[in-house]
Amino acid sequence: MRYRTTVIGSGYLGITHAACMAELGHDVLALDVDADKVRRLNDGELPIHEEGLGELLRRGLAAGKLRFTTSYREAADFGDVHFLCLGTPQRADGYAADVSQLDAAVDALAPHLTRTCLVVGKSTVPVGTAERLAGRLQGLAPAGDRADLAWNPEFLREGFAVADTLTPDRVVLGVRTPYAERVLRAFYGPLGEVPVVVTDFATAELVKVAANAFLATKISYINAMAEVCEAAGADVVRLAEALAHDDRIGGRFLSAGLGFGGGCLPKDIRAFMARAGELGAGEALSFLREIDAINLRRRDRVVELARDLLGGSFDGRAVAVLGAAFKPDSDDIRDSPALHVAREIQQRGGLVSVYDPVALDNARKAYPELGFATSATEAARGARVVLLLTEWQEFVRLDPAELGAVVAGRGIVDGRNVLDPAAWRRAGWQYRAPGRP
Ligand code: UDX
């Protein structure tokens, strides 16, 4: 079944969802309040770096299956299913999530909803938000309770957003009417065989944060082991390799290093703690405070490893930072561990030169005080120490002899444990990595 669909909010999630749903055959109108962004998207210009998404965007536009607008009235007239894909960043005044964009979207859309329709939340939200928004929606919509709400969390990873959306490992439908379930099952029918889990609102909201909290915990777990390895002279990379053979544990999200960043994991675990506290269940998640702390300590540790290679001080020393994105294959620098480390070194007197294959523009805009280079070699030229902080393939493949020829001091900090220590040491480098002897 093909639906006339709108996607409210054209950020990472919204653009991906809109283009992928057009690809599945639905007629999609996506909305954003930023008129300039809407114009660029209608011209086929993708504002983010995401594998395969630009192609999908342009294909949808060319086929007339996808269009962008700034008008809520047009969206309400157009759609029978409306997806809410707004951002829910961390609030400036604490750990909780800021859901004001979602509230504003419902307030703007609802007054134009005059016929039976389904509004579907996809954003990551504090549990209880769907219930609250359903009341708000039905109170404001002329259609009243013929404007139904559902919650359908998104699990996409940056860098794999298209694949994760078109071949998801599960679809979670938080619904409270048979109508909502029927529409969403038909809507996602073109995905083919996918496990569908139907829940109430609260469970659907929790699935998303529970999944991200688990992933964050797994990463901080292996990074806690890295701390112990450092104290004991053991090697966390071999430790993780051995753990991974136990398929109850598994090897994914078990890479020790600089830890997690990005627009999701850090703020999601904080919002989860804040919400659990409000619900009187704060104790259940107190361990997440430690998960966050372990993660942030890794950034300090990487700074320390670089300082040690410099004999104890960054003062006036040239430092190359390879990587600015929070992870490879993305230009996203939100809460990027790499840039956190770069800024810390700069604040301690180091002369930092950052290079990243795609996130350089974003990094330069956000932190003009840092130095930037146009290639890994340029960043490393004259550097006393080199830090690999985002594991782009082009960094993993760097030739230690070639890089050794341009630096002023052969010291490397492998912040992501992706280089071959033996090869770098053979080429005359002092090699340091978190969790390794
Ligand atoms: C995450 C979730 O994976 C996704 O399901 C959710 O919908 C949104 O949040 P994303 O933010 O794209 O996706 O990044 P992810 O691939 O999960 O990586 C998060 C961070 O963890 C990155 O900074 C990455 O470098 C780090 N990481 C990941 C590790 O430090 N070690 C690992 O073993 C894995």
# chains A, B, ... in the order shown; residues from 1 in each chain; ligands from 1
call {"tool": "closest_atom_pairs", "arguments": {"of": "chain A", "to": "ligand 1", "cutoff": "9 Å", "atoms": "only C-alpha atoms and all ligand atoms", "output": "tab-separated table"}}
result
residue	atom	partner	partner_atom_place_in_ligand_line	distance
A:Thr124	CA	ligand 1	7 (O)	8.5
A:Pro153	CA	ligand 1	7 (O)	8.4
A:Glu154	CA	ligand 1	7 (O)	5.8
A:Phe155	CA	ligand 1	7 (O)	3.4
A:Leu156	CA	ligand 1	7 (O)	4.3
A:Arg157	CA	ligand 1	12 (O)	3.5
A:Glu158	CA	ligand 1	12 (O)	3.7
A:Gly159	CA	ligand 1	12 (O)	6.7
A:Phe160	CA	ligand 1	12 (O)	7.8
A:Ala161	CA	ligand 1	12 (O)	8.0
A:Asp164	CA	ligand 1	5 (O)	8.8
A:Lys208	CA	ligand 1	7 (O)	7.4
A:Val209	CA	ligand 1	6 (C)	8.8
A:Ala211	CA	ligand 1	5 (O)	7.2
A:Asn212	CA	ligand 1	2 (C)	5.9
A:Leu215	CA	ligand 1	3 (O)	7.1
A:Ala216	CA	ligand 1	21 (O)	7.1
A:Lys218	CA	ligand 1	33 (O)	7.7
A:Ile219	CA	ligand 1	31 (N)	5.2
A:Ser220	CA	ligand 1	30 (O)	8.1
A:Ile222	CA	ligand 1	33 (O)	8.3
A:Asn223	CA	ligand 1	30 (O)	8.4
A:Gly251	CA	ligand 1	33 (O)	8.2
A:Arg252	CA	ligand 1	33 (O)	6.0
A:Phe253	CA	ligand 1	33 (O)	3.1
A:Leu254	CA	ligand 1	33 (O)	4.1
A:Ser255	CA	ligand 1	33 (O)	3.5
A:Ala256	CA	ligand 1	31 (N)	5.8
A:Gly257	CA	ligand 1	30 (O)	5.9
A:Leu258	CA	ligand 1	30 (O)	6.0
A:Gly259	CA	ligand 1	30 (O)	3.7
A:Phe260	CA	ligand 1	21 (O)	3.5
A:Gly261	CA	ligand 1	23 (O)	4.0
A:Gly262	CA	ligand 1	11 (O)	5.2
A:Gly263	CA	ligand 1	11 (O)	5.9
A:Cys264	CA	ligand 1	9 (O)	4.5
A:Leu265	CA	ligand 1	9 (O)	5.4
A:Pro266	CA	ligand 1	20 (C)	8.6
A:Asp268	CA	ligand 1	9 (O)	8.4
A:Asn295	CA	ligand 1	30 (O)	8.6
A:Ala325	CA	ligand 1	23 (O)	8.4
A:Phe326	CA	ligand 1	23 (O)	4.8
A:Lys327	CA	ligand 1	25 (O)	4.5
A:Pro328	CA	ligand 1	25 (O)	7.5
A:Ser330	CA	ligand 1	12 (O)	8.4
A:Asp335	CA	ligand 1	23 (O)	8.5
A:Ser336	CA	ligand 1	23 (O)	6.9
A:Pro337	CA	ligand 1	23 (O)	7.0
A:Thr390	CA	ligand 1	25 (O)	7.1
A:Glu391	CA	ligand 1	25 (O)	7.9
A:Arg416	CA	ligand 1	30 (O)	7.5
call {"tool": "select_by_dssp", "arguments": {"residues": "stretch 109-286 of chain A", "states": "helix (DSSP H, G or I)", "output": "PyMOL selection string"}}
result
chain A and resi 109-112+129-140+144-146+161-166+178-187+189-191+201-232+236-244+265-278+282-286
call {"tool": "write_last_selection", "arguments": {"atoms": "C-alpha atoms", "output": "mmCIF file, in the first residue's frame"}}
result
data_model
loop_
_atom_site.group_PDB
_atom_site.id
_atom_site.type_symbol
_atom_site.label_atom_id
_atom_site.label_comp_id
_atom_site.auth_asym_id
_atom_site.auth_seq_id
_atom_site.Cartn_x
_atom_site.Cartn_y
_atom_site.Cartn_z
ATOM 1 C CA LEU A 109 0.756 20.739 12.415
ATOM 2 C CA ALA A 110 -2.258 19.804 14.528
ATOM 3 C CA PRO A 111 -4.479 22.859 13.853
ATOM 4 C CA HIS A 112 -4.436 21.966 10.125
ATOM 5 C CA THR A 129 6.362 11.998 25.719
ATOM 6 C CA ALA A 130 4.095 10.068 23.320
ATOM 7 C CA GLU A 131 1.243 10.000 25.814
ATOM 8 C CA ARG A 132 1.609 13.727 26.357
ATOM 9 C CA LEU A 133 1.863 14.549 22.642
ATOM 10 C CA ALA A 134 -1.208 12.431 21.856
ATOM 11 C CA GLY A 135 -3.242 14.607 24.210
ATOM 12 C CA ARG A 136 -1.812 17.766 22.724
ATOM 13 C CA LEU A 137 -2.448 16.552 19.163
ATOM 14 C CA GLN A 138 -6.062 15.557 19.731
ATOM 15 C CA GLY A 139 -6.759 18.713 21.695
ATOM 16 C CA LEU A 140 -5.512 20.963 18.887
ATOM 17 C CA GLY A 144 -10.011 15.375 17.251
ATOM 18 C CA ASP A 145 -9.444 11.702 18.005
ATOM 19 C CA ARG A 146 -9.435 10.899 14.286
ATOM 20 C CA ALA A 161 21.596 5.228 7.571
ATOM 21 C CA VAL A 162 20.160 4.125 4.224
ATOM 22 C CA ALA A 163 20.880 0.434 4.761
ATOM 23 C CA ASP A 164 19.571 0.551 8.339
ATOM 24 C CA THR A 165 16.339 2.183 7.151
ATOM 25 C CA LEU A 166 15.701 -0.024 4.122
ATOM 26 C CA PRO A 178 -5.893 -1.167 15.831
ATOM 27 C CA TYR A 179 -6.051 1.562 13.155
ATOM 28 C CA ALA A 180 -2.497 2.734 13.928
ATOM 29 C CA GLU A 181 -1.127 -0.796 13.851
ATOM 30 C CA ARG A 182 -2.921 -1.599 10.604
ATOM 31 C CA VAL A 183 -1.659 1.561 8.869
ATOM 32 C CA LEU A 184 1.939 1.103 10.005
ATOM 33 C CA ARG A 185 2.060 -2.581 9.075
ATOM 34 C CA ALA A 186 0.765 -1.701 5.597
ATOM 35 C CA PHE A 187 3.094 1.287 5.353
ATOM 36 C CA GLY A 189 4.900 -3.763 4.020
ATOM 37 C CA PRO A 190 7.355 -2.959 1.184
ATOM 38 C CA LEU A 191 10.261 -3.668 3.585
ATOM 39 C CA PHE A 201 3.760 3.887 23.876
ATOM 40 C CA ALA A 202 6.045 3.721 26.898
ATOM 41 C CA THR A 203 7.722 0.477 25.848
ATOM 42 C CA ALA A 204 8.361 1.750 22.333
ATOM 43 C CA GLU A 205 9.965 4.901 23.706
ATOM 44 C CA LEU A 206 12.099 2.865 26.097
ATOM 45 C CA VAL A 207 13.319 0.370 23.470
ATOM 46 C CA LYS A 208 15.378 3.075 21.812
ATOM 47 C CA VAL A 209 17.097 4.450 24.899
ATOM 48 C CA ALA A 210 17.546 0.962 26.352
ATOM 49 C CA ALA A 211 19.335 -0.101 23.159
ATOM 50 C CA ASN A 212 21.611 2.932 23.157
ATOM 51 C CA ALA A 213 22.335 2.573 26.883
ATOM 52 C CA PHE A 214 23.319 -1.049 26.287
ATOM 53 C CA LEU A 215 25.677 -0.096 23.444
ATOM 54 C CA ALA A 216 27.232 2.696 25.510
ATOM 55 C CA THR A 217 27.674 0.272 28.402
ATOM 56 C CA LYS A 218 29.403 -2.258 26.186
ATOM 57 C CA ILE A 219 31.872 0.356 24.951
ATOM 58 C CA SER A 220 32.555 1.706 28.435
ATOM 59 C CA TYR A 221 32.893 -1.837 29.755
ATOM 60 C CA ILE A 222 35.797 -2.585 27.437
ATOM 61 C CA ASN A 223 37.241 0.856 28.128
ATOM 62 C CA ALA A 224 37.091 0.115 31.867
ATOM 63 C CA MET A 225 39.024 -3.076 31.099
ATOM 64 C CA ALA A 226 41.491 -0.869 29.220
ATOM 65 C CA GLU A 227 42.083 1.129 32.396
ATOM 66 C CA VAL A 228 42.804 -2.051 34.309
ATOM 67 C CA CYS A 229 45.046 -3.284 31.489
ATOM 68 C CA GLU A 230 47.008 -0.049 31.697
ATOM 69 C CA ALA A 231 47.531 -0.558 35.422
ATOM 70 C CA ALA A 232 48.458 -4.215 35.012
ATOM 71 C CA VAL A 236 43.028 -4.758 25.999
ATOM 72 C CA VAL A 237 42.982 -5.493 22.261
ATOM 73 C CA ARG A 238 43.946 -9.130 22.806
ATOM 74 C CA LEU A 239 41.638 -9.286 25.828
ATOM 75 C CA ALA A 240 38.687 -8.090 23.703
ATOM 76 C CA GLU A 241 39.615 -10.530 20.956
ATOM 77 C CA ALA A 242 39.474 -13.388 23.447
ATOM 78 C CA LEU A 243 36.173 -12.189 24.971
ATOM 79 C CA ALA A 244 34.603 -11.895 21.526
ATOM 80 C CA LEU A 265 24.796 7.884 22.707
ATOM 81 C CA PRO A 266 26.112 10.560 25.118
ATOM 82 C CA LYS A 267 22.929 12.638 25.294
ATOM 83 C CA ASP A 268 20.646 9.598 25.258
ATOM 84 C CA ILE A 269 22.181 8.003 28.342
ATOM 85 C CA ARG A 270 22.038 11.341 30.179
ATOM 86 C CA ALA A 271 18.400 11.960 29.232
ATOM 87 C CA PHE A 272 17.584 8.374 30.242
ATOM 88 C CA MET A 273 19.090 8.932 33.706
ATOM 89 C CA ALA A 274 17.260 12.240 34.082
ATOM 90 C CA ARG A 275 13.915 10.723 33.112
ATOM 91 C CA ALA A 276 14.363 7.666 35.334
ATOM 92 C CA GLY A 277 15.098 10.059 38.210
ATOM 93 C CA GLU A 278 11.849 11.942 37.553
ATOM 94 C CA GLY A 282 16.917 6.789 39.258
ATOM 95 C CA GLU A 283 18.735 4.106 41.213
ATOM 96 C CA ALA A 284 18.130 1.573 38.425
ATOM 97 C CA LEU A 285 20.241 3.658 36.073
ATOM 98 C CA SER A 286 22.861 5.033 38.453
#
call {"tool": "residues_around", "arguments": {"residues": "stretch 321-323 of chain A", "least_positions_apart": "2", "cutoff": "9 Å", "atoms": "only C-alpha atoms", "output": "list in words"}}
result
Val319, Ala325, Phe326, Lys327, Pro328, Ala338, Leu339, Val341, Ala342, Val352, Ser353, Val354, Tyr355, Asp356, Pro357, Ala359, Leu360, Ala376, Ala379, Ala380, Val385, Val386, Leu387, Leu388, Leu389, Thr390, Glu391, Trp392 and Phe395 of chain A
call {"tool": "residues_around", "arguments": {"residues": "stretch 66-81 of chain A", "least_positions_apart": "5", "cutoff": "9 Å", "atoms": "only C-alpha atoms", "output": "ChimeraX atom specification"}}
result
/A:3-8,10,18-19,21-22,26-35,38-39,41-42,57-61,105,108-120,183-184,187
call {"tool": "atom_distance", "arguments": {"atom1": "atom CA of A:Arg432", "atom2": "atom CA of A:Asp315"}}
result
19.9 Å
call {"tool": "closest_residue", "arguments": {"among": "A:Pro421, A:Gly174, A:Pro47, A:Pro142", "to": "A:Asn362", "atoms": "only C-alpha atoms"}}
result
A:Pro47
call {"tool": "residues_around", "arguments": {"residues": "A:Gly428", "least_positions_apart": "2", "cutoff": "10 Å", "atoms": "only C-alpha atoms", "output": "ChimeraX atom specification"}}
result
/A:400-401,404,409-411,422-426,430-431
call {"tool": "write_last_selection", "arguments": {"atoms": "N, CA, C and O atoms", "output": "compact mmCIF listing (two decimals), in the first residue's frame"}}
result
# COMPACT_ATOMS: atom_id res chain seq x y z
N PRO A 400 53.84 4.14 7.90
CA PRO A 400 54.64 4.76 8.98
C PRO A 400 55.96 5.35 8.47
O PRO A 400 56.41 6.37 9.00
N ALA A 401 56.54 4.76 7.43
CA ALA A 401 57.81 5.29 6.92
C ALA A 401 57.58 6.63 6.23
O ALA A 401 58.31 7.60 6.45
N GLY A 404 56.71 9.19 8.72
CA GLY A 404 57.91 9.45 9.52
C GLY A 404 58.84 10.45 8.87
O GLY A 404 59.59 11.16 9.55
N GLY A 409 59.04 14.65 15.10
CA GLY A 409 59.27 13.67 16.16
C GLY A 409 58.36 12.47 15.92
O GLY A 409 57.17 12.66 15.66
N ARG A 410 58.93 11.26 15.96
CA ARG A 410 58.12 10.08 15.63
C ARG A 410 57.41 9.53 16.87
O ARG A 410 57.81 8.52 17.43
N GLY A 411 56.34 10.21 17.25
CA GLY A 411 55.50 9.72 18.33
C GLY A 411 54.08 9.61 17.83
O GLY A 411 53.56 10.55 17.23
N ALA A 422 53.59 -3.12 15.89
CA ALA A 422 54.91 -3.63 15.49
C ALA A 422 55.43 -2.89 14.26
O ALA A 422 56.60 -2.49 14.20
N ALA A 423 54.55 -2.68 13.29
CA ALA A 423 54.96 -2.01 12.05
C ALA A 423 55.41 -0.58 12.34
O ALA A 423 56.40 -0.10 11.77
N TRP A 424 54.70 0.11 13.19
CA TRP A 424 55.04 1.50 13.51
C TRP A 424 56.34 1.55 14.31
O TRP A 424 57.19 2.41 14.09
N ARG A 425 56.52 0.61 15.21
CA ARG A 425 57.76 0.61 16.00
C ARG A 425 58.95 0.28 15.11
O ARG A 425 60.01 0.89 15.25
N ARG A 426 58.75 -0.66 14.19
CA ARG A 426 59.84 -1.01 13.26
C ARG A 426 60.28 0.21 12.46
O ARG A 426 61.45 0.36 12.12
N GLN A 430 57.66 5.85 18.32
CA GLN A 430 57.20 5.51 19.67
C GLN A 430 55.70 5.39 19.58
O GLN A 430 55.01 6.37 19.24
N TYR A 431 55.16 4.22 19.85
CA TYR A 431 53.73 3.95 19.68
C TYR A 431 53.05 3.87 21.05
O TYR A 431 53.53 3.16 21.93
call {"tool": "select_by_dssp", "arguments": {"residues": "stretch 49-80 of chain A", "states": "strand (DSSP E or B)", "output": "short mmCIF file (atom, residue, chain, number, x, y, z; two decimals) with C-alpha atoms, in the first residue's frame"}}
result
data_model
loop_
_atom_site.label_atom_id
_atom_site.label_comp_id
_atom_site.auth_asym_id
_atom_site.auth_seq_id
_atom_site.Cartn_x
_atom_site.Cartn_y
_atom_site.Cartn_z
CA LEU A 66 9.76 13.35 -2.93
CA ARG A 67 9.54 17.07 -2.28
CA PHE A 68 10.42 19.52 0.50
CA THR A 69 8.38 22.39 1.92
#
call {"tool": "closest_residue", "arguments": {"among": "A:Glu51, A:Glu23, A:Phe372, A:Gly87", "to": "A:Gly64", "atoms": "only C-alpha atoms"}}
result
A:Glu23
call {"tool": "residues_around", "arguments": {"residues": "A:Pro437", "least_positions_apart": "5", "cutoff": "7 Å", "atoms": "only C-alpha atoms", "output": "PyMOL selection string"}}
result
chain A and resi 230+233-235
call {"tool": "write_last_selection", "arguments": {"atoms": "N, CA, C and O atoms", "output": "PDB file, in the first residue's frame"}}
result
ATOM      1  N   GLU A 230      45.930  -1.038  31.561  1.00  0.00           N
ATOM      2  CA  GLU A 230      47.008  -0.049  31.697  1.00  0.00           C
ATOM      3  C   GLU A 230      47.721  -0.196  33.038  1.00  0.00           C
ATOM      4  O   GLU A 230      48.952  -0.150  33.119  1.00  0.00           O
ATOM      5  N   GLY A 233      49.662  -3.706  32.954  1.00  0.00           N
ATOM      6  CA  GLY A 233      50.578  -4.021  31.858  1.00  0.00           C
ATOM      7  C   GLY A 233      50.015  -5.055  30.896  1.00  0.00           C
ATOM      8  O   GLY A 233      50.764  -5.782  30.243  1.00  0.00           O
ATOM      9  N   ALA A 234      48.691  -5.136  30.799  1.00  0.00           N
ATOM     10  CA  ALA A 234      48.065  -6.097  29.878  1.00  0.00           C
ATOM     11  C   ALA A 234      47.608  -5.382  28.605  1.00  0.00           C
ATOM     12  O   ALA A 234      47.720  -4.159  28.494  1.00  0.00           O
ATOM     13  N   ASP A 235      47.085  -6.169  27.659  1.00  0.00           N
ATOM     14  CA  ASP A 235      46.732  -5.634  26.344  1.00  0.00           C
ATOM     15  C   ASP A 235      45.231  -5.800  26.097  1.00  0.00           C
ATOM     16  O   ASP A 235      44.742  -6.914  25.876  1.00  0.00           O
TER      17      ASP A 235
END
call {"tool": "residues_around", "arguments": {"residues": "A:Val196", "least_positions_apart": "2", "cutoff": "9 Å", "atoms": "only C-alpha atoms", "output": "list in words"}}
result
Arg170, Val171, Val172, Leu173, Arg185, Val194 and Val198 of chain A
call {"tool": "write_last_selection", "arguments": {"atoms": "N, CA and C atoms", "output": "short mmCIF file (atom, residue, chain, number, x, y, z; two decimals), in the first residue's frame"}}
result
data_model
loop_
_atom_site.label_atom_id
_atom_site.label_comp_id
_atom_site.auth_asym_id
_atom_site.auth_seq_id
_atom_site.Cartn_x
_atom_site.Cartn_y
_atom_site.Cartn_z
N ARG A 170 14.76 -4.68 13.05
CA ARG A 170 13.41 -4.81 13.63
C ARG A 170 12.66 -3.50 13.44
N VAL A 171 11.31 -3.64 13.49
CA VAL A 171 10.45 -2.45 13.48
C VAL A 171 9.64 -2.48 14.76
N VAL A 172 9.69 -1.40 15.53
CA VAL A 172 8.95 -1.33 16.79
C VAL A 172 7.77 -0.37 16.61
N LEU A 173 6.57 -0.86 16.90
CA LEU A 173 5.37 -0.05 16.73
C LEU A 173 4.70 0.15 18.09
N ARG A 185 1.68 -1.30 9.68
CA ARG A 185 2.06 -2.58 9.08
C ARG A 185 1.98 -2.49 7.56
N VAL A 194 10.49 -8.49 8.01
CA VAL A 194 11.21 -7.83 9.10
C VAL A 194 10.46 -8.13 10.40
N VAL A 198 5.11 -5.14 18.42
CA VAL A 198 4.05 -4.17 18.71
C VAL A 198 3.96 -3.98 20.22
#
call {"tool": "closest_residue", "arguments": {"among": "A:Gly311, A:Gly44, A:Gly11, A:Gly52", "to": "A:Thr88", "atoms": "only C-alpha atoms"}}
result
A:Gly11
call {"tool": "atom_distance", "arguments": {"atom1": "atom CA of A:Ala320", "atom2": "atom CA of A:Glu50"}}
result
26.0 Å
